[in-house]
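Pasting coords_29.txt here (compact mmCIF, C-alpha atoms):
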# COMPACT_ATOMS: atom_id res chain seq x y z
CA MET A 1 49.06 138.66 10.26
CA GLY A 2 45.32 138.39 10.11
CA PHE A 3 42.72 139.46 12.64
CA ALA A 4 41.75 137.68 15.86
CA THR A 5 38.19 138.90 16.38
CA SER A 6 36.90 142.04 14.78
CA GLY A 7 37.27 144.91 17.24
CA GLY A 8 38.64 142.65 19.99
CA ILE A 9 41.22 143.64 22.61
CA LEU A 10 44.06 141.87 20.80
CA ASP A 11 43.24 143.48 17.48
CA ARG A 12 43.05 146.92 19.09
CA ALA A 13 46.46 146.42 20.70
CA ILE A 14 47.97 145.31 17.38
CA GLU A 15 46.44 148.27 15.58
CA ALA A 16 47.89 150.64 18.17
CA GLU A 17 51.38 149.15 17.80
CA ASP A 18 51.13 149.14 14.02
CA LYS A 19 50.08 152.79 14.02
CA LYS A 20 53.12 153.63 16.14
CA HIS A 21 55.76 151.49 14.41
CA GLY A 22 54.26 150.45 11.06
CA ASP A 23 55.80 146.98 11.42
CA PHE A 24 52.83 144.70 10.67
CA LEU A 25 51.40 143.37 7.42
CA ARG A 26 47.68 142.95 8.13
CA LEU A 27 45.94 140.39 5.95
CA ASP A 28 42.26 140.13 5.14
CA HIS A 29 42.03 136.95 7.16
CA ILE A 30 40.69 135.69 10.50
CA GLU A 31 43.35 133.87 12.53
CA GLY A 32 42.84 130.24 13.53
CA TYR A 33 44.83 127.02 13.51
CA LEU A 34 42.47 125.42 10.99
CA GLU A 35 42.78 128.46 8.72
CA LEU A 36 46.55 128.34 8.19
CA SER A 37 46.27 127.07 4.62
CA ALA A 38 43.95 129.94 3.75
CA LYS A 39 46.31 132.38 5.46
CA THR A 40 49.24 131.02 3.44
CA LYS A 41 47.40 131.69 0.18
CA THR A 42 46.39 135.16 1.32
CA TYR A 43 49.92 136.04 2.40
CA PHE A 44 51.62 135.07 -0.87
CA ALA A 45 48.87 136.68 -2.94
CA THR A 46 49.17 139.89 -0.91
CA ALA A 47 52.98 139.99 -0.78
CA ILE A 48 53.51 139.45 -4.51
CA ASN A 49 51.26 142.42 -5.22
CA MET A 50 52.93 144.67 -2.65
CA TRP A 51 56.62 143.90 -3.20
CA ASP A 52 58.68 142.89 -6.20
CA ALA A 53 61.11 140.31 -4.80
CA ASP A 54 63.07 137.29 -5.98
CA PHE A 55 61.82 135.10 -3.11
CA TYR A 56 58.97 135.10 -0.64
CA ILE A 57 59.55 133.42 2.73
CA LYS A 58 57.28 132.13 5.46
CA VAL A 59 58.65 131.62 8.96
CA ASP A 60 56.88 130.63 12.18
CA ASP A 61 56.74 133.26 14.89
CA ASP A 62 58.86 131.18 17.29
CA VAL A 63 61.82 130.99 14.88
CA HIS A 64 64.59 133.60 14.78
CA VAL A 65 66.02 133.74 11.27
CA ASN A 66 69.71 134.08 10.44
CA ILE A 67 68.81 136.39 7.59
CA ALA A 68 72.32 136.99 6.25
CA THR A 69 73.01 133.24 5.96
CA LEU A 70 69.62 132.64 4.36
CA GLY A 71 70.24 135.47 1.89
CA GLN A 72 73.56 134.00 0.84
CA THR A 73 71.84 130.71 0.02
CA LEU A 74 68.99 132.33 -1.90
CA VAL A 75 71.51 134.08 -4.15
CA ARG A 76 72.71 130.68 -5.39
CA HIS A 77 69.20 129.83 -6.60
CA GLN A 78 68.32 133.29 -7.90
CA SER A 79 68.65 132.41 -11.59
CA LYS A 80 66.40 129.36 -11.38
CA PRO A 81 62.68 129.57 -12.19
CA ARG A 82 60.04 128.02 -9.91
CA VAL A 83 62.17 127.21 -6.85
CA TYR A 84 60.74 125.73 -3.63
CA ILE A 85 63.33 125.69 -0.82
CA GLY A 86 62.73 123.99 2.48
CA CYS A 87 63.39 121.08 4.76
CA MET A 88 61.55 118.46 2.70
CA LYS A 89 59.66 115.65 4.40
CA SER A 90 57.08 112.99 3.66
CA GLY A 91 55.22 112.21 6.86
CA PRO A 92 52.40 109.73 7.43
CA VAL A 93 48.82 110.65 6.59
CA ILE A 94 46.96 110.67 9.94
CA LEU A 95 43.54 109.01 9.73
CA GLN A 96 42.53 109.08 13.40
CA LYS A 97 40.22 111.90 14.45
CA GLY A 98 41.24 113.91 17.49
CA VAL A 99 44.93 113.36 16.81
CA ARG A 100 47.23 116.26 15.96
CA TYR A 101 47.73 116.69 12.22
CA HIS A 102 44.63 114.62 11.46
CA GLU A 103 43.90 114.69 7.73
CA PRO A 104 40.11 114.68 7.09
CA GLU A 105 40.75 113.97 3.39
CA TYR A 106 43.06 111.04 4.08
CA TRP A 107 41.29 108.92 1.47
CA LYS A 108 42.76 111.08 -1.30
CA PHE A 109 46.23 109.81 -0.45
CA GLY A 110 45.55 106.13 -1.10
CA GLU A 111 45.53 103.20 1.29
CA ALA A 112 45.96 103.38 5.05
CA GLY A 113 49.61 103.76 6.01
CA ASN A 114 50.51 105.86 3.00
CA LYS A 115 52.65 108.97 3.29
CA TYR A 116 52.27 112.46 1.89
CA PHE A 117 54.15 113.60 -1.19
CA ARG A 118 57.33 115.58 -0.53
CA HIS A 119 56.76 119.03 0.92
CA ALA A 120 58.65 121.51 3.10
CA THR A 121 58.15 121.63 6.85
CA GLY A 122 56.13 124.65 7.83
CA GLN A 123 58.47 126.48 10.20
CA LEU A 124 60.64 128.05 7.47
CA TYR A 125 60.55 127.83 3.68
CA ALA A 126 61.02 130.03 0.62
CA ILE A 127 59.41 130.10 -2.81
CA SER A 128 60.50 132.01 -5.90
CA LYS A 129 58.61 134.86 -7.50
CA ASP A 130 57.13 132.63 -10.21
CA LEU A 131 55.53 130.33 -7.62
CA ALA A 132 54.20 133.21 -5.53
CA THR A 133 52.66 134.63 -8.70
CA TYR A 134 51.11 131.25 -9.47
CA ILE A 135 49.46 131.16 -6.02
CA SER A 136 48.17 134.70 -6.41
CA THR A 137 46.73 134.02 -9.86
CA ASN A 138 45.09 130.71 -8.92
CA GLN A 139 44.27 131.27 -5.25
CA HIS A 140 40.54 130.79 -5.73
CA VAL A 141 40.92 127.27 -7.14
CA LEU A 142 43.82 125.95 -5.04
CA HIS A 143 42.59 123.28 -2.65
CA LYS A 144 43.25 123.68 1.07
CA TYR A 145 44.16 120.60 3.10
CA ALA A 146 44.05 120.57 6.88
CA ASN A 147 47.79 121.18 7.21
CA GLU A 148 49.39 124.29 5.71
CA ASP A 149 52.66 122.66 4.65
CA VAL A 150 50.79 119.85 2.89
CA SER A 151 48.62 122.39 1.07
CA LEU A 152 51.63 124.30 -0.23
CA GLY A 153 53.26 121.11 -1.47
CA ALA A 154 50.01 120.08 -3.15
CA TRP A 155 49.82 123.35 -5.08
CA PHE A 156 53.21 122.64 -6.64
CA ILE A 157 53.01 118.86 -7.13
CA GLY A 158 51.86 119.07 -10.76
CA LEU A 159 54.19 121.91 -11.76
CA ASP A 160 57.74 121.89 -13.08
CA VAL A 161 59.23 122.97 -9.73
CA ASP A 162 62.78 122.61 -8.47
CA HIS A 163 62.45 121.21 -4.93
CA ILE A 164 65.53 122.18 -2.89
CA ASP A 165 65.93 120.07 0.26
CA ASP A 166 68.13 122.09 2.63
CA ARG A 167 68.34 120.68 6.16
CA ARG A 168 69.64 123.98 7.51
CA LEU A 169 66.03 125.18 7.47
CA CYS A 170 65.02 122.72 10.19
CA CYS A 171 67.98 122.59 12.56
CA ASP A 172 69.31 124.51 15.55
CA THR A 173 72.84 125.84 15.93
CA PRO A 174 73.98 124.93 19.47
CA PRO A 175 74.70 128.04 21.57
CA GLY A 176 78.37 128.95 21.59
CA ARG A 177 79.26 126.76 18.60
CA GLN A 178 78.72 129.22 15.75
CA ALA A 179 82.47 129.69 15.28
CA GLN A 180 83.08 125.95 15.00
CA ILE A 181 80.31 125.22 12.48
CA THR A 182 80.93 125.94 8.80
CA GLN A 183 77.25 125.85 7.79
CA LEU A 184 75.00 127.61 10.28
CA CYS A 185 71.31 126.89 10.57
CA PHE A 186 69.06 129.41 8.86
CA GLY A 187 66.83 129.68 11.91
CA GLU A 188 66.72 128.94 15.59
CA PHE A 189 63.70 128.25 17.73
CA ALA A 190 62.76 130.87 20.28
CA GLN A 191 63.79 128.83 23.31
CA THR A 192 67.32 128.64 21.94
CA CYS A 193 67.50 132.37 21.37
CA TRP A 194 66.00 133.68 24.60
CA SER A 195 69.32 133.32 26.43
CA LYS A 196 71.11 135.20 23.66
CA GLN A 197 68.89 138.29 23.99
CA VAL A 198 68.57 138.49 20.23
CA ASN A 199 67.53 141.91 19.00
CA LEU A 200 66.66 141.51 15.34
CA GLU A 201 65.62 145.12 14.87
CA ALA A 202 69.14 146.28 15.71
CA LYS A 203 70.72 143.85 13.23
CA VAL A 204 68.55 144.29 10.16
CA ALA A 205 68.98 146.78 7.36
CA LEU A 206 66.05 147.42 5.02
CA SER A 207 66.19 148.37 1.37
CA SER A 208 64.03 151.15 -0.02
CA THR A 209 61.62 148.75 -1.75
CA VAL A 210 61.81 145.40 0.00
CA GLY A 211 62.79 144.45 3.54
CA GLU A 212 65.81 142.42 2.50
CA GLY A 213 66.77 141.67 6.06
CA LEU A 214 70.54 141.78 5.60
CA VAL A 215 73.00 142.36 8.41
CA VAL A 216 74.47 145.78 7.70
CA HIS A 217 78.10 144.82 7.13
CA GLU A 218 77.10 141.95 4.81
CA ALA A 219 74.51 143.81 2.74
CA LYS A 220 77.09 144.96 0.21
CA SER A 221 78.04 141.40 -0.76
CA ILE A 222 74.54 139.96 -1.21
CA SER A 223 72.23 140.98 -4.03
CA VAL A 224 68.86 139.30 -3.65
CA ASP A 225 65.51 140.69 -2.59
CA PHE A 226 63.22 138.62 -0.40
CA VAL A 227 60.11 139.19 1.68
CA VAL A 228 59.74 137.44 5.04
CA GLU A 229 56.45 136.84 6.81
CA ALA A 230 56.36 135.61 10.40
CA GLY A 231 53.21 133.58 10.94
CA TYR A 232 51.48 131.85 13.80
CA LYS A 233 51.77 128.09 13.56
If you convert what's in this file into structure tokens, what do you get?
Amino acid sequence: MGFATSGGILDRAIEAEDKKHGDFLRLDHIEGYLELSAKTKTYFATAINMWDADFYIKVDDDVHVNIATLGQTLVRHQSKPRVYIGCMKSGPVILQKGVRYHEPEYWKFGEAGNKYFRHATGQLYAISKDLATYISTNQHVLHKYANEDVSLGAWFIGLDVDHIDDRRLCCDTPPGRQAQITQLCFGEFAQTCWSKQVNLEAKVALSSTVGEGLVVHEAKSISVDFVVEAGYK
């Protein structure tokens, strides 16, 4: 996460918790809804230089990730270069000011009524090491659009990238139905999980180099390293 206001109450509280638990990655970035694209660049550029992983993942802070299930899927794409995994969409370009998701640079996307190019929804997506390296290397010339998910898709649109559209990254598993569903969702929104009293810290095992986030009894069967960042949306 970045910083709210330098020296503010929130930042002091976060610093105190981080000093006690060491569970935050602090970015050189000031938080703000209009700064999410910049934060995305900073995160991937920071993470790739701190951890050597096969995949780097961004998840919104109101999504609880089924890390073991996600890890099993990432393994299947581990041998591919330049992989972009997410729930791919192509929404309308919003011209009207004052409307949520307004795109100030709408004119770049053609005539009124046009849609964006394919890109992953922002709540949960993963990119391979090659793509994270590309962002880190070119971060100073990558253009930032108003919406973070659009920006990420734009950075890859001219590259030879394997877009993996996996709808399990944008669905919810109904409570009590896990045993009946063969393919579980990779994440659940916070309101779904509150009633389950999910305690991720008790379920996650960390490797010595990268927080792989594997459920302990499944860690032996999955061999893929990935870094997860929970971000404010």
Quiz item: Hey, can you check how far CA of Cys171 in chain A sits from CA of Arg118 in chain A?
Solution: 18.3 Å
Quiz item: Do you know which residues are at most 9 Å from Leu70 in chain A counting all atoms listed in the file, after dropping those on the same chain fewer than 6 positions away, and could you put them as a VMD selection string?
Solution: chain A and resid 169 185 to 187
Self-check item: Selected residue, from A:Val63, A:Ser79, A:Lys58, A:Tyr101, that lies nearest to Lys41 in chain A when counting all atoms listed in the file
Solution: A:Lys58
Practice problem: Using CA of Leu95 in chain A and CA of Thr42 in chain A as the two end points, give the distance in Å to one decimal. | Solution: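 We find that CA of Leu95 in chain A and CA of Thr42 in chain A lie 27.6 Å from each other.
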Quiz item: Separation of CA of Asp54 in chain A and CA of Val141 in chain A, in Å?
Solution: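 Taking CA of Asp54 in chain A and CA of Val141 in chain A, their separation equals 24.3 Å.
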Shell around Thr137 in chain A at 12 Å using only C-alpha atoms, local window under 6 positions removed, as a JSON list (two decimals) with C-alpha atoms, keeping the file's coordinate frame:
[["chain", "number", "residue", "atom", "x", "y", "z"],
["A", 41, "LYS", "CA", 47.40, 131.69, 0.18],
["A", 42, "THR", "CA", 46.39, 135.16, 1.32],
["A", 44, "PHE", "CA", 51.62, 135.07, -0.87],
["A", 45, "ALA", "CA", 48.87, 136.68, -2.94],
["A", 46, "THR", "CA", 49.17, 139.89, -0.91],
["A", 48, "ILE", "CA", 53.51, 139.45, -4.51],
["A", 49, "ASN", "CA", 51.26, 142.42, -5.22],
["A", 130, "ASP", "CA", 57.13, 132.63, -10.21],
["A", 131, "LEU", "CA", 55.53, 130.33, -7.62]]
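Between Ala53 in chain A and the candidates A:Ala126, A:Tyr116, A:Lys108, A:Lys97, the tightest atom-to-atom separation, counting all atoms listed in the file, involves A:Ala126.
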Quiz item: For Ile67 in chain A, which of A:Thr133, A:Glu188, A:Pro81, A:Ile127 is the closest residue, counting all atoms listed in the file?
Solution: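 Selected residue with least distance to Ile67 in chain A: A:Glu188.
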Quiz item: Nearest to Tyr43 in chain A: which of A:Asn138, A:Asp60, A:Gly113, A:Ala132 is it, counting all atoms listed in the file?
Solution: A:Ala132
Practice problem: Excluding Tyr106 in chain A and residues on its chain fewer than 5 positions from it, collect all residues at most 9 Å away from it, counting only C-alpha atoms, and give them as number ranges by chain. | Solution: A: 93-95, 111-112
